[in-house]
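Enquirer: Below you will find the structure I want to go over with you.
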Amino acid sequence: MRYEIFLQTIKEEMEKRLGPDHQVSLRSIPKNNGVIWDGLSICKAEEDIAPTIYLQDFYQELEGGQTLSQICDRIHQLYVENPGLPYLDSSALSSYQDIKDRIVYKLVNTQANSTLLKKLPHIPFHDMSMICYLLIEQREQGYVTALIHKEHLRAWKVREKDLFLTAIRNTPALLPAVIQPMSQVLKQLAQDALGDDCDEQDLDSLIQATEERRLENEPLFPTLYVLTNPAGVNGAACMAYPQVIKNFADRLGQDLLILPSSIHEVLLVTDSADYDHEEMSQMVDDINQTEVPPEDRLSNQIYRYSRADEQITIVSHGPALVGTGNR
């Protein structure tokens with residue numbers, strides 16, 4: 001079945017299931033780096049805001065052998081188990097005072113989001129831009145969020161400067177920075193994947209053995225650290241938090257290199273004269289191309305924090321990140 005026919009068929013089937021007291025519509029949602037996601041928005045007739053269920057993964061399941069009926073069952077279940085947000089109606093969104101304590105920021109690549117940024121308040125941060133969004137609610141599957149557009153500021157009669165002052169105050173408080181050794185992050189991922197089958201002692205032994213082999217093969221490459229927030233969502237913004245990078249560099253007593261893993265986290269490593277920043281940038285570019293989803297890519301550059309200057313600078317000349325615009 002062609003993708004466009006799949007979208008229309010899912011819409012029509014959900015309209016039949018939900019009946020005339022629900023509104024069902026297809027929406028194309030612009031995401032980071034020019035990526036467009038297709039979604040199904042469902043709401044009751046009297047509701048102002050419709051949650052959106054993205055459909056790309058369901059199409060892959062159809063191609064993998066799932067039936068349309070099974071897919072519609074799951075979409076219906078998702079809608080039932082994730083009700084709308086009754087407290088966040090159009091009147092709440094019209095009041096800046098009601099939502100200002102939930103305004104936070106994230107980092108996106110400037111060039112790859114050039115079209116989207118025309119519609120958004122933003123300020124530059126090296127080859128990235130800081131943009132604001134509304135942190136509506138945290139759920140098991142992640143956060144419910146909404147980007148803040150220039151039209152919102154006009155309706156609120158709020159200056160961009162005041163918006164960003166609010167976001168800079170809120171973000172470290174609502175999404176505090178977390179720095180962990182990569183080995184600890186891998187351990188947590190393994191524990192989550194294994195669940196009750198996880199033997200912590202065996203896992204610790206495996207991680208220790210892996211680290212020992214790494215040091216044998218790459219003795220000059222010190223420990224990697226992951227910087228993100230507790231949710232691991234839009235955590236690369238933590239590199240812009242006041243004092244976070246500085247305090248960590250002071251704790252280690254060395255300058256730091258910052259590698260943009262994705263919009264959700266960055267990697268920190270102590271700097272060394274042995275490192276070729278251009279080679280590291282090429283490595284980041286290769287990983288972006290092969291391992292990181294297009295909508296999660298942040299940059300191909302390497303950044304350096306100097307303790308003497310107390311500043312972050314770009315130290316590579318890697319290829320610019322390019323937006324995709326692909327579904």
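Naming works like this for the structure tokens: A, B, ... for the chains as they're shown, residue 1 at the start of each chain, ligands 1 onward in shown order.
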Can you tell me which residues surround Leu116 of chain A at a distance of at most 12 Å, considering only C-alpha atoms, apart from same-chain residues fewer than 6 positions away, and format the answer as a list in words?
Expert: Ile29, Pro30, Lys31, Asn32, Asn33, Gly34, Val35, Ile36, Val108, Asn109, Thr110, His122, Ser129, Ile131, Leu147, Ile148, His149, Lys150, Gly323 and Gly325 of chain A
Enquirer: Run DSSP on the backbone of this structure and report the residues of segment 144-177 of chain A it assigns to helix (DSSP H, G or I), as a count of residues only.
Expert: 22
Enquirer: What parts of segment 61-173 of chain A does DSSP call strand (DSSP E or B)? I'd like the answer as an MDAnalysis selection string.
Expert: chainID A and resid 103:109 122:125 128:139 142:147
Enquirer: Would you mind listing what lies within 7 Å of Ile103 of chain A as a PDB file with N, CA and C atoms, in the first residue's frame, with only C-alpha atoms counted and same-chain residues fewer than 3 positions away left out?
Expert:
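Below is the file out.pdb, written as the result:
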```
ATOM      1  N   ILE A  99       1.414  30.674  31.778  1.00  0.00           N
ATOM      2  CA  ILE A  99       2.312  29.623  31.273  1.00  0.00           C
ATOM      3  C   ILE A  99       3.792  29.974  31.385  1.00  0.00           C
ATOM      4  N   LYS A 100       4.132  31.167  31.828  1.00  0.00           N
ATOM      5  CA  LYS A 100       5.525  31.601  31.776  1.00  0.00           C
ATOM      6  C   LYS A 100       6.460  30.727  32.611  1.00  0.00           C
ATOM      7  N   CYS A 132      12.683  28.623  22.185  1.00  0.00           N
ATOM      8  CA  CYS A 132      11.887  28.385  23.397  1.00  0.00           C
ATOM      9  C   CYS A 132      10.693  27.488  23.095  1.00  0.00           C
ATOM     10  N   TYR A 133      10.325  26.724  24.096  1.00  0.00           N
ATOM     11  CA  TYR A 133       9.132  25.897  23.978  1.00  0.00           C
ATOM     12  C   TYR A 133       8.446  25.790  25.326  1.00  0.00           C
ATOM     13  N   LEU A 134       7.212  25.369  25.267  1.00  0.00           N
ATOM     14  CA  LEU A 134       6.392  25.225  26.465  1.00  0.00           C
ATOM     15  C   LEU A 134       6.460  23.780  26.942  1.00  0.00           C
ATOM     16  N   LEU A 135       6.897  23.586  28.168  1.00  0.00           N
ATOM     17  CA  LEU A 135       6.966  22.259  28.770  1.00  0.00           C
ATOM     18  C   LEU A 135       5.614  21.994  29.427  1.00  0.00           C
ATOM     19  N   THR A 166      13.176  34.675  30.792  1.00  0.00           N
ATOM     20  CA  THR A 166      12.327  33.707  31.498  1.00  0.00           C
ATOM     21  C   THR A 166      12.812  32.285  31.259  1.00  0.00           C
ATOM     22  N   ALA A 167      13.103  31.955  29.993  1.00  0.00           N
ATOM     23  CA  ALA A 167      13.553  30.597  29.661  1.00  0.00           C
ATOM     24  C   ALA A 167      14.891  30.277  30.302  1.00  0.00           C
ATOM     25  N   ASN A 170      14.172  29.487  33.882  1.00  0.00           N
ATOM     26  CA  ASN A 170      13.392  28.268  34.127  1.00  0.00           C
ATOM     27  C   ASN A 170      14.128  26.980  33.791  1.00  0.00           C
TER      28      ASN A 170
END
```
Enquirer: Pick the closest to Met14 of chain A from A:Leu62, A:Met1, A:Ile42, A:Val244: which is it, counting only C-alpha atoms?
Expert: A:Ile42
Enquirer: Hey, which of A:Ile53, A:Ala308, A:Val266, A:Ala320 ends up closest to Val80 of chain A? Count only C-alpha atoms.
Expert: A:Ile53
Enquirer: Can you pull out the residues contacting Ile245 of chain A? Cut-off 12 Å, using only C-alpha atoms, and skip same-chain residues under 5 positions away; I want them as a PyMOL selection string.
Expert: chain A and resi 177-179+225-228+236-240+250-258+266-270+303-307+310-312
Enquirer: For the selection just defined, write its residues with C-alpha atoms to a file, as a compact mmCIF listing (two decimals), in the first residue's frame.
Expert:
```txt
# COMPACT_ATOMS: atom_id res chain seq x y z
CA ALA A 177 22.02 19.29 34.15
CA VAL A 178 23.25 15.74 34.79
CA ILE A 179 26.83 14.66 34.01
CA TYR A 225 31.13 12.01 30.06
CA VAL A 226 27.53 12.50 28.99
CA LEU A 227 25.87 15.85 29.69
CA THR A 228 22.07 15.92 29.52
CA ALA A 236 22.18 19.40 24.75
CA ALA A 237 20.83 22.73 26.01
CA CYS A 238 22.70 22.04 29.25
CA MET A 239 25.94 23.12 27.58
CA ALA A 240 24.53 26.66 27.62
CA ASP A 250 37.30 23.26 37.20
CA ARG A 251 36.48 20.01 38.96
CA LEU A 252 38.63 18.06 36.50
CA GLY A 253 41.25 20.80 36.39
CA GLN A 254 41.42 20.75 32.58
CA ASP A 255 39.93 22.37 29.50
CA LEU A 256 37.11 20.44 27.88
CA LEU A 257 36.07 19.39 24.41
CA ILE A 258 32.35 19.21 23.74
CA VAL A 266 26.55 16.20 24.36
CA LEU A 267 29.75 14.34 25.23
CA LEU A 268 32.51 15.91 27.32
CA VAL A 269 36.16 14.91 27.30
CA THR A 270 39.24 16.61 28.70
CA TYR A 303 33.58 22.90 20.76
CA ARG A 304 36.23 23.73 23.34
CA TYR A 305 35.83 25.25 26.77
CA SER A 306 38.89 27.20 27.90
CA ARG A 307 39.30 27.64 31.64
CA GLU A 310 35.95 30.94 30.53
CA GLN A 311 34.44 30.64 27.06
CA ILE A 312 33.21 28.01 24.63
```
Enquirer: I'd like the neighbourhood of Cys72 of chain A as a list in words, where a residue qualifies if any of its atoms comes within 10 Å (using only C-alpha atoms), though same-chain residues fewer than 2 positions away should be ignored.
Expert: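 Near neighbours after the sequence-gap exclusion: Thr9, Ile10, Lys11, Glu13, Met14, Arg17, Phe58, Thr67, Leu68, Ser69, Gln70, Arg74, Ile75, His76, Gln77 and Leu78 of chain A.
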Enquirer: With only C-alpha atoms as the counted atoms, please give the residues lying no more than 10 Å from Gly232 of chain A, apart from itself and same-chain residues fewer than 6 positions off, as an MDAnalysis selection string.
Expert: chainID A and resid 142 175 177:178 263:265
Enquirer: For each of A:His22, A:Lys44, A:His317, A:Arg159, take the minimum atom-to-atom distance to Asn300 of chain A, counting only C-alpha atoms, then give the residue where this is smallest.
Expert: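 For Asn300 of chain A, the nearest of the candidates is A:His317.
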